$ cat entry_34.txt   # compact mmCIF, C-alpha atoms
# COMPACT_ATOMS: atom_id res chain seq x y z
CA MET A 6 91.65 129.39 -32.44
CA PRO A 7 91.69 131.39 -35.75
CA THR A 8 94.80 133.37 -36.64
CA LYS A 9 95.88 136.19 -38.94
CA LEU A 10 99.63 136.20 -38.38
CA SER A 11 101.59 138.95 -40.08
CA GLU A 12 103.44 138.13 -43.31
CA GLU A 13 106.84 138.67 -41.71
CA VAL A 14 105.95 135.93 -39.19
CA ILE A 15 103.88 133.39 -41.10
CA PHE A 16 106.56 132.83 -43.73
CA THR A 17 109.13 131.74 -41.15
CA ASN A 18 109.52 128.22 -39.77
CA LYS A 19 108.76 129.33 -36.22
CA GLY A 20 105.81 131.41 -37.44
CA ARG A 21 104.27 128.42 -39.19
CA LYS A 22 104.84 126.27 -36.11
CA ALA A 23 103.24 128.91 -33.88
CA ASP A 24 100.29 129.23 -36.25
CA LYS A 25 99.67 125.48 -36.12
CA ILE A 26 99.88 125.36 -32.32
CA ILE A 27 97.57 128.35 -31.84
CA LYS A 28 94.98 126.87 -34.21
CA SER A 29 94.98 123.62 -32.23
CA CYS A 30 93.58 125.45 -29.17
CA VAL A 31 89.77 125.04 -29.01
CA HIS A 32 89.10 127.52 -26.15
CA CYS A 33 87.83 124.75 -23.84
CA GLY A 34 89.45 126.22 -20.71
CA PHE A 35 90.49 122.89 -19.20
CA CYS A 36 93.97 124.40 -18.72
CA LEU A 37 92.68 127.00 -16.28
CA ALA A 38 92.01 124.36 -13.62
CA THR A 39 95.62 123.14 -13.60
CA CYS A 40 97.53 126.40 -14.14
CA PRO A 41 99.38 127.42 -10.94
CA THR A 42 99.49 131.13 -11.72
CA TYR A 43 95.81 131.32 -12.67
CA GLN A 44 94.97 129.59 -9.40
CA LEU A 45 96.77 132.39 -7.55
CA THR A 46 95.73 135.48 -9.51
CA GLY A 47 92.37 134.53 -11.03
CA ASN A 48 93.34 136.59 -14.09
CA GLU A 49 92.81 134.70 -17.34
CA LEU A 50 95.78 136.48 -18.90
CA ASP A 51 97.82 134.53 -16.34
CA SER A 52 96.46 131.25 -17.75
CA PRO A 53 97.65 129.22 -20.77
CA ARG A 54 94.57 130.18 -22.80
CA GLY A 55 95.07 133.85 -21.98
CA ARG A 56 98.76 133.71 -22.85
CA ILE A 57 97.95 132.04 -26.16
CA TYR A 58 95.72 135.02 -26.94
CA LEU A 59 98.57 137.39 -26.05
CA ILE A 60 101.12 135.53 -28.18
CA ARG A 61 98.69 135.38 -31.10
CA SER A 62 98.08 139.12 -30.79
CA ALA A 63 101.82 139.83 -30.81
CA LEU A 64 102.44 137.59 -33.82
CA GLU A 65 99.57 139.29 -35.66
CA GLY A 66 101.36 142.61 -35.26
CA ASN A 67 99.08 144.13 -32.61
CA GLN A 68 100.29 146.29 -29.76
CA PHE A 69 102.19 144.35 -27.11
CA ASP A 70 103.16 146.35 -24.03
CA SER A 71 105.06 145.75 -20.79
CA ALA A 72 101.92 144.47 -19.05
CA SER A 73 101.57 141.77 -21.70
CA ILE A 74 105.23 140.78 -21.23
CA GLN A 75 104.61 140.50 -17.49
CA HIS A 76 101.77 138.04 -18.06
CA LEU A 77 104.07 135.90 -20.21
CA ASP A 78 106.87 136.17 -17.65
CA LYS A 79 104.57 134.86 -14.92
CA CYS A 80 104.28 131.57 -16.81
CA LEU A 81 106.31 128.83 -15.10
CA THR A 82 106.36 126.69 -18.27
CA CYS A 83 105.40 123.84 -15.94
CA ARG A 84 103.34 122.34 -18.80
CA ALA A 85 100.61 121.12 -16.46
CA CYS A 86 98.26 122.53 -19.10
CA GLU A 87 99.65 120.05 -21.61
CA SER A 88 98.75 117.16 -19.30
CA THR A 89 95.09 118.23 -19.21
CA CYS A 90 94.65 119.64 -22.73
CA PRO A 91 92.29 117.40 -24.75
CA SER A 92 93.56 118.91 -28.00
CA GLY A 93 97.25 118.25 -27.37
CA VAL A 94 98.27 121.92 -27.63
CA LYS A 95 102.07 122.14 -27.46
CA TYR A 96 102.00 125.13 -25.18
CA GLY A 97 105.65 124.89 -24.08
CA GLU A 98 106.91 125.25 -27.65
CA LEU A 99 104.55 128.18 -28.29
CA ALA A 100 105.64 129.94 -25.10
CA ASP A 101 109.29 129.84 -26.18
CA ILE A 102 108.41 131.21 -29.63
CA GLY A 103 106.32 133.98 -28.08
CA ARG A 104 109.02 134.95 -25.61
CA GLU A 105 111.65 135.14 -28.31
CA PHE A 106 109.39 137.32 -30.47
CA VAL A 107 108.66 139.87 -27.72
CA GLU A 108 112.16 139.92 -26.23
CA LYS A 109 113.09 143.01 -28.22
CA LYS A 110 110.24 144.90 -26.56
CA ARG A 111 111.70 144.50 -23.06
CA ALA A 112 113.10 147.39 -21.07
CA LEU A 113 116.89 147.61 -21.30
CA TRP A 114 117.39 146.91 -17.58
CA GLN A 115 115.39 143.68 -17.91
CA LYS A 116 117.49 142.54 -20.84
CA ILE A 117 120.71 143.20 -18.92
CA PHE A 118 119.47 141.51 -15.75
CA ARG A 119 118.29 138.40 -17.61
CA HIS A 120 121.55 138.23 -19.55
CA VAL A 121 123.66 138.43 -16.37
CA VAL A 122 121.59 135.73 -14.63
CA ARG A 123 121.73 133.44 -17.64
CA LEU A 124 125.46 133.92 -18.11
CA THR A 125 126.19 133.35 -14.42
CA LEU A 126 124.14 130.15 -14.16
CA THR A 127 125.52 128.59 -17.33
CA THR A 128 129.20 129.50 -16.97
CA PRO A 129 130.90 127.15 -14.46
CA LYS A 130 133.83 129.49 -13.74
CA LEU A 131 131.35 132.20 -12.76
CA PHE A 132 128.72 130.09 -11.05
CA ASN A 133 131.09 127.97 -8.97
CA ILE A 134 132.27 131.09 -7.14
CA PHE A 135 128.75 131.62 -5.82
CA GLY A 136 127.52 128.04 -5.94
CA ARG A 137 129.82 126.78 -3.22
CA MET A 138 128.50 129.51 -0.92
CA PHE A 139 125.01 128.02 -1.22
CA ARG A 140 126.04 124.36 -1.33
CA HIS A 141 123.24 122.05 -0.28
CA SER A 142 125.18 118.85 0.33
CA ASN A 143 128.74 117.57 0.05
CA VAL A 144 129.77 114.08 -1.05
CA GLN A 145 128.87 111.84 1.88
CA SER A 146 130.30 108.41 1.06
CA SER A 147 133.27 106.79 -0.64
CA VAL A 148 133.42 105.95 -4.33
CA ILE A 149 132.20 102.52 -5.43
CA LYS A 150 133.64 100.85 -8.53
CA ALA A 151 131.78 98.26 -10.54
CA SER A 152 133.19 94.75 -10.01
CA GLU A 153 131.83 93.69 -13.40
CA ILE A 154 130.97 96.11 -16.21
CA LYS A 155 127.80 95.07 -18.02
CA SER A 156 127.12 98.34 -19.83
CA ARG A 157 128.14 102.00 -20.10
CA VAL A 158 126.05 105.14 -19.73
CA LEU A 159 126.61 108.88 -20.04
CA LEU A 160 125.50 110.89 -17.00
CA LEU A 161 124.52 114.52 -17.60
CA ALA A 162 126.38 116.34 -14.83
CA GLY A 163 124.40 119.58 -15.20
CA CYS A 164 125.42 123.23 -14.99
CA VAL A 165 124.71 123.94 -11.31
CA GLN A 166 124.33 120.52 -9.70
CA PRO A 167 128.07 119.70 -9.40
CA SER A 168 128.54 122.85 -7.34
CA LEU A 169 125.28 122.99 -5.36
CA ALA A 170 124.74 119.30 -4.61
CA PRO A 171 127.66 117.12 -5.79
CA ASN A 172 126.36 114.21 -3.70
CA ILE A 173 123.55 113.62 -6.21
CA ASN A 174 125.89 112.73 -9.09
CA HIS A 175 128.19 110.88 -6.69
CA VAL A 176 125.39 108.64 -5.40
CA THR A 177 124.02 108.10 -8.91
CA LYS A 178 127.40 106.77 -10.04
CA ASN A 179 127.65 104.57 -6.94
CA VAL A 180 124.21 103.07 -7.48
CA LEU A 181 124.96 102.36 -11.13
CA ALA A 182 128.31 100.82 -10.15
CA LYS A 183 126.51 98.41 -7.81
CA LEU A 184 124.49 97.27 -10.80
CA GLY A 185 127.59 96.75 -12.96
CA ILE A 186 127.19 99.91 -15.00
CA LYS A 187 130.14 102.15 -15.84
CA THR A 188 129.35 105.86 -15.84
CA ILE A 189 130.94 108.49 -18.05
CA GLU A 190 130.11 111.98 -16.78
CA THR A 191 129.73 115.05 -18.97
CA LYS A 192 131.75 118.16 -18.22
CA GLN A 193 129.98 120.85 -16.21
CA SER A 194 130.41 123.13 -19.21
CA GLU A 195 128.28 120.82 -21.40
CA CYS A 196 125.04 122.65 -20.64
CA CYS A 197 121.82 121.12 -22.00
CA GLY A 198 120.71 124.58 -23.20
CA ALA A 199 117.48 124.82 -21.17
CA LEU A 200 118.27 128.10 -19.40
CA ASP A 201 119.31 129.79 -22.64
CA GLN A 202 116.25 128.44 -24.47
CA HIS A 203 113.76 129.63 -21.86
CA LEU A 204 115.40 133.03 -21.41
CA SER A 205 115.02 133.85 -25.10
CA ALA A 206 118.62 133.16 -26.11
CA GLN A 207 117.67 130.48 -28.61
CA GLU A 208 120.68 130.86 -30.88
CA THR A 209 123.05 130.47 -27.94
CA ALA A 210 121.08 127.41 -26.87
CA LEU A 211 121.22 125.90 -30.36
CA ASN A 212 124.99 126.37 -30.56
CA LYS A 213 125.42 124.43 -27.31
CA ILE A 214 122.89 121.82 -28.37
CA ARG A 215 124.63 121.12 -31.67
CA ILE A 216 127.92 120.54 -29.84
CA ASN A 217 126.15 118.21 -27.38
CA ILE A 218 124.50 116.27 -30.17
CA ASP A 219 127.81 115.78 -32.00
CA ASN A 220 129.59 114.62 -28.85
CA TRP A 221 126.85 112.39 -27.48
CA HIS A 222 125.88 110.86 -30.81
CA LYS A 223 129.49 109.82 -31.30
CA LEU A 224 129.47 108.11 -27.88
CA LEU A 225 126.22 106.32 -28.70
CA GLU A 226 127.75 105.05 -31.93
CA GLY A 227 130.64 103.76 -29.83
CA GLY A 228 128.37 101.45 -27.84
CA LEU A 229 126.99 103.67 -25.09
CA ASP A 230 123.87 102.09 -23.58
CA ALA A 231 121.99 105.28 -22.67
CA ILE A 232 122.19 108.93 -21.68
CA ILE A 233 121.09 109.36 -18.06
CA SER A 234 119.72 112.47 -16.40
CA ASN A 235 119.14 112.79 -12.66
CA ALA A 236 117.85 116.35 -13.08
CA SER A 237 114.45 116.11 -14.74
CA GLY A 238 114.74 119.61 -16.20
CA CYS A 239 117.88 118.68 -18.12
CA GLY A 240 116.37 115.37 -19.19
CA LEU A 241 113.30 117.09 -20.57
CA MET A 242 115.39 119.57 -22.54
CA VAL A 243 117.44 116.81 -24.17
CA LYS A 244 114.31 114.80 -24.96
CA ASP A 245 112.89 117.94 -26.61
CA TYR A 246 115.92 118.46 -28.88
CA PRO A 247 114.14 117.23 -32.06
CA SER A 248 111.48 119.93 -31.70
CA LEU A 249 114.19 122.58 -32.15
CA PHE A 250 115.19 121.46 -35.65
CA GLU A 251 113.38 121.26 -38.95
CA THR A 252 113.23 117.74 -40.38
CA GLU A 253 115.52 118.71 -43.26
CA ASP A 254 118.18 120.02 -40.85
CA PRO A 255 121.24 117.70 -40.76
CA TYR A 256 121.04 117.73 -36.95
CA TYR A 257 117.45 116.53 -36.82
CA LYS A 258 118.11 112.79 -37.27
CA LYS A 259 120.97 112.83 -34.79
CA SER A 260 118.84 114.78 -32.30
CA VAL A 261 116.16 112.09 -32.52
CA ILE A 262 118.72 109.39 -31.69
CA VAL A 263 120.07 111.42 -28.76
CA SER A 264 116.54 112.16 -27.53
CA GLN A 265 115.39 108.56 -27.72
CA SER A 266 118.52 107.39 -25.90
CA THR A 267 117.97 109.77 -22.97
CA LYS A 268 116.31 108.46 -19.82
CA ASP A 269 115.62 109.84 -16.40
CA ILE A 270 117.54 107.87 -13.77
CA ALA A 271 114.23 106.49 -12.42
CA GLU A 272 113.20 105.49 -15.93
CA TYR A 273 116.50 103.67 -16.40
CA LEU A 274 116.52 101.94 -13.00
CA SER A 275 112.90 100.81 -13.32
CA GLU A 276 114.12 98.36 -15.98
CA LYS A 277 116.85 96.90 -13.75
CA ASP A 278 117.09 94.28 -11.02
CA LEU A 279 117.41 96.37 -7.84
CA THR A 280 117.71 93.56 -5.31
CA LYS A 281 121.34 94.52 -4.61
CA LEU A 282 120.24 97.90 -3.30
CA ARG A 283 119.50 98.34 0.41
CA PRO A 284 117.80 101.73 0.80
CA GLU A 285 117.38 103.40 4.16
CA GLN A 286 113.80 102.89 5.32
CA ILE A 287 112.52 106.22 6.61
CA ASP A 288 109.28 108.17 6.25
CA ILE A 289 109.40 110.28 3.11
CA SER A 290 107.22 112.64 1.14
CA TYR A 291 107.79 112.96 -2.60
CA HIS A 292 107.50 116.09 -4.74
CA ALA A 293 107.09 115.28 -8.44
CA PRO A 294 108.86 117.92 -10.58
CA CYS A 295 106.76 119.37 -13.39
CA THR A 296 109.53 118.56 -15.86
CA LEU A 297 109.09 114.87 -15.04
CA GLN A 298 105.33 114.46 -14.67
CA HIS A 299 104.17 117.00 -17.27
CA GLY A 300 107.19 117.60 -19.49
CA GLN A 301 108.53 114.05 -19.84
CA LYS A 302 105.04 112.57 -19.36
CA LEU A 303 106.24 110.20 -16.64
CA PRO A 304 103.74 110.72 -13.82
CA GLY A 305 104.01 108.20 -10.99
CA LEU A 306 107.37 106.87 -12.20
CA VAL A 307 109.47 107.70 -9.14
CA GLU A 308 106.62 106.85 -6.77
CA ALA A 309 106.34 103.37 -8.30
CA LEU A 310 110.10 102.82 -8.09
CA LEU A 311 110.24 103.95 -4.46
CA ALA A 312 107.29 101.69 -3.63
CA LYS A 313 109.18 98.82 -5.26
CA LEU A 314 112.09 99.60 -2.94
CA GLY A 315 109.85 99.38 0.12
CA TYR A 316 108.78 102.97 0.70
CA GLN A 317 105.20 103.98 1.42
CA ILE A 318 104.44 107.23 -0.38
CA ALA A 319 101.75 109.37 1.25
CA PRO A 320 99.37 111.13 -1.18
CA VAL A 321 100.12 114.83 -1.66
CA ILE A 322 97.34 117.36 -2.21
CA ASP A 323 97.66 119.19 -5.55
CA GLU A 324 100.67 117.07 -6.47
CA HIS A 325 100.29 118.24 -10.08
CA LEU A 326 101.04 121.87 -9.18
CA CYS A 327 104.49 123.45 -9.51
CA CYS A 328 106.64 124.20 -6.45
CA GLY A 329 107.60 127.58 -7.92
CA SER A 330 111.22 126.84 -8.80
CA ALA A 331 110.93 126.49 -12.58
CA GLY A 332 114.58 127.09 -13.45
CA SER A 333 115.32 130.79 -13.09
CA TYR A 334 111.67 131.65 -12.33
CA SER A 335 112.34 131.91 -8.59
CA ILE A 336 114.84 134.69 -9.34
CA PHE A 337 112.60 136.78 -11.61
CA GLN A 338 109.17 136.13 -10.05
CA GLN A 339 109.96 135.86 -6.36
CA LYS A 340 106.50 136.68 -4.95
CA ILE A 341 104.63 134.01 -6.90
CA SER A 342 107.49 131.56 -6.54
CA LYS A 343 107.50 131.82 -2.73
CA LYS A 344 103.72 131.48 -2.53
CA LEU A 345 103.80 128.31 -4.62
CA ARG A 346 106.68 126.97 -2.53
CA ASP A 347 104.84 127.62 0.74
CA ASN A 348 101.73 125.86 -0.59
CA LYS A 349 103.78 122.90 -1.78
CA ILE A 350 105.69 122.52 1.48
CA ARG A 351 102.47 122.66 3.49
CA ASN A 352 101.03 119.81 1.40
CA LEU A 353 104.25 117.79 1.49
CA SER A 354 104.42 118.14 5.27
CA VAL A 355 100.95 116.74 6.06
CA SER A 356 102.37 113.22 6.55
CA LYS A 357 105.17 114.59 8.80
CA PRO A 358 107.99 112.97 6.80
CA ASP A 359 111.57 112.54 8.00
CA VAL A 360 112.76 113.65 4.56
CA ILE A 361 111.21 115.32 1.51
CA VAL A 362 112.57 113.89 -1.73
CA THR A 363 112.35 115.12 -5.30
CA ALA A 364 113.93 114.49 -8.71
CA ASN A 365 115.28 117.85 -9.84
CA ILE A 366 118.01 120.12 -8.48
CA GLY A 367 115.96 123.29 -8.92
CA CYS A 368 113.02 121.93 -6.92
CA LEU A 369 115.42 120.60 -4.27
CA MET A 370 117.15 123.95 -3.73
CA HIS A 371 113.88 125.90 -3.80
CA LEU A 372 112.05 123.67 -1.32
CA SER A 373 115.06 123.58 1.01
CA LYS A 374 114.78 127.32 1.56
CA GLY A 375 111.23 127.01 2.93
CA THR A 376 111.37 124.12 5.40
CA LYS A 377 113.45 122.69 8.23
CA THR A 378 112.68 119.16 7.00
CA PRO A 379 115.69 117.80 5.08
CA VAL A 380 115.21 117.82 1.30
CA LYS A 381 117.10 115.36 -0.89
CA HIS A 382 117.14 113.87 -4.33
CA TRP A 383 115.43 110.48 -4.03
CA ILE A 384 118.51 108.72 -5.45
CA GLU A 385 120.39 109.74 -2.29
CA LEU A 386 118.21 107.32 -0.30
CA LEU A 387 119.95 104.43 -2.06
CA ASP A 388 123.56 105.13 -1.04
CA ASN A 389 123.86 102.42 1.62
$ encode --input "entry_34.txt" --output "structure tokens"
Amino acid sequence: MPTKLSEEVIFTNKGRKADKIIKSCVHCGFCLATCPTYQLTGNELDSPRGRIYLIRSALEGNQFDSASIQHLDKCLTCRACESTCPSGVKYGELADIGREFVEKKRALWQKIFRHVVRLTLTTPKLFNIFGRMFRHSNVQSSVIKASEIKSRVLLLAGCVQPSLAPNINHVTKNVLAKLGIKTIETKQSECCGALDQHLSAQETALNKIRINIDNWHKLLEGGLDAIISNASGCGLMVKDYPSLFETEDPYYKKSVIVSQSTKDIAEYLSEKDLTKLRPEQIDISYHAPCTLQHGQKLPGLVEALLAKLGYQIAPVIDEHLCCGSAGSYSIFQQKISKKLRDNKIRNLSVSKPDVIVTANIGCLMHLSKGTKTPVKHWIELLDN
């Protein structure tokens, strides 16, 4: 896709990156078939290709109005388009650049609302007041300690998970303890930066990310085996850290080490002997988060692990499509979010499962609001 980016943009690092990404798009339209919002609206401006046109137009200095912002805001950043793009267009990176560029054109009330939501979700002292009111699950078993420590890992606690569903981190630590792995848990205040990054507060995100990199790199140098995420959205953000720094930046090399050391809990356990685990055998249906299958490029990972543990996973229609959670998306785009959730639950319920399982706290909370079937993180099946 040809570009004529304005001089004030093209001579910046982000401008050059955006220019390269836009030019890699060959107009093929493969992304339209896998874009959740395009499937609902039929409007090409609500597709990845259409949004690339809008971002290019903005970066070229053309008029960009509130309607254009709305089309960008409807994007879930699910990155399903990246999974089907034959040209390898890094749409997720471009979307963040585009959002940051047009942020100043937002109405004041939108800026204030987005700021309040972002601040509330990423500040434990604020969020925990509300989080406990909407708690999904309490800790349901006693703590297990490793009888023999074979290795140490760092578990990313997350911003909202300790308040909304503390049982997920609890069970994760128990499972690792059974395998002889000692878990160090990050503080709730050690946010991965994803919410700030995707809500156009990139500098705030980078400040948090630099602190994380310093802290976690030091632990890795001290013999830490891996950084574990049981929330695929957080894991994706940490794995994407290197893309946020120029190669000459002193944080770039350390970000690569942190990124390469980060594994989803399923990714980590798939390399281990799991014969000591005795999971509860019930009928389940699995929802694959976009951040795991499209973002981290690990499609089928959890399904394979669950099959190894004795579960039979029923096929799910349109399993590649987003459930509508997408971080804070369900707050700002409620109509589309609910429609996607209803579609997803209908498809997950075809096999009449006892439990729906997933791999991300956002998906878990979102799906729970639309069904009477219990929704859990898949790791919670292993706490027996």
$ closest_residue --input "entry_34.txt" --among "A:Phe135, A:Leu204, A:His175, A:Ser373" --to "Arg119 in chain A" --atoms "all atoms listed in the file"
A:Leu204
$ residues_near_point --input "entry_34.txt" --point "(121.4, 122.4, -24.5)" --cutoff "6 Å" --atoms "only C-alpha atoms" --output "JSON, numbers by chain"
{"A": [196, 197, 198, 199, 210, 213, 214]}
$ atom_distance --input "entry_34.txt" --atom1 "CA of Ala85 in chain A" --atom2 "CA of Ile218 in chain A"
28.0 Å
$ residues_around --input "entry_34.txt" --residues "range 53-57 of chain A" --least-positions-apart "5" --cutoff "9 Å" --atoms "all atoms listed in the file" --output "PDB file with C-alpha atoms, keeping the file's coordinate frame"
ATOM      1  CA  ILE A  27      97.570 128.350 -31.840  1.00  0.00           C
ATOM      2  CA  CYS A  30      93.580 125.450 -29.170  1.00  0.00           C
ATOM      3  CA  HIS A  32      89.100 127.520 -26.150  1.00  0.00           C
ATOM      4  CA  CYS A  33      87.830 124.750 -23.840  1.00  0.00           C
ATOM      5  CA  GLY A  34      89.450 126.220 -20.710  1.00  0.00           C
ATOM      6  CA  CYS A  36      93.970 124.400 -18.720  1.00  0.00           C
ATOM      7  CA  LEU A  37      92.680 127.000 -16.280  1.00  0.00           C
ATOM      8  CA  CYS A  40      97.530 126.400 -14.140  1.00  0.00           C
ATOM      9  CA  TYR A  43      95.810 131.320 -12.670  1.00  0.00           C
ATOM     10  CA  ASN A  48      93.340 136.590 -14.090  1.00  0.00           C
ATOM     11  CA  SER A  62      98.080 139.120 -30.790  1.00  0.00           C
ATOM     12  CA  SER A  73     101.570 141.770 -21.700  1.00  0.00           C
ATOM     13  CA  HIS A  76     101.770 138.040 -18.060  1.00  0.00           C
ATOM     14  CA  LEU A  77     104.070 135.900 -20.210  1.00  0.00           C
ATOM     15  CA  CYS A  80     104.280 131.570 -16.810  1.00  0.00           C
ATOM     16  CA  CYS A  86      98.260 122.530 -19.100  1.00  0.00           C
ATOM     17  CA  TYR A  96     102.000 125.130 -25.180  1.00  0.00           C
ATOM     18  CA  LEU A  99     104.550 128.180 -28.290  1.00  0.00           C
ATOM     19  CA  ALA A 100     105.640 129.940 -25.100  1.00  0.00           C
ATOM     20  CA  GLY A 103     106.320 133.980 -28.080  1.00  0.00           C
TER      21      GLY A 103
END
$ atom_distance --input "entry_34.txt" --atom1 "CA of Asp101 in chain A" --atom2 "CA of Ser205 in chain A"
7.1 Å
$ atom_distance --input "entry_34.txt" --atom1 "CA of Thr378 in chain A" --atom2 "CA of Ser356 in chain A"
11.9 Å
$ residues_around --input "entry_34.txt" --residues "Leu387 in chain A" --least-positions-apart "2" --cutoff "8 Å" --atoms "only C-alpha atoms" --output "ChimeraX atom specification"
/A:176,180,282-285,383-385,389
$ closest_residue --input "entry_34.txt" --among "A:Ile102, A:Met242, A:Leu306, A:Leu161" --to "Ile60 in chain A" --atoms "all atoms listed in the file"
A:Ile102
$ residues_around --input "entry_34.txt" --residues "range 146-151 of chain A" --least-positions-apart "3" --cutoff "7 Å" --atoms "all atoms listed in the file" --output "ChimeraX atom specification"
/A:154,179,182-183,185-187
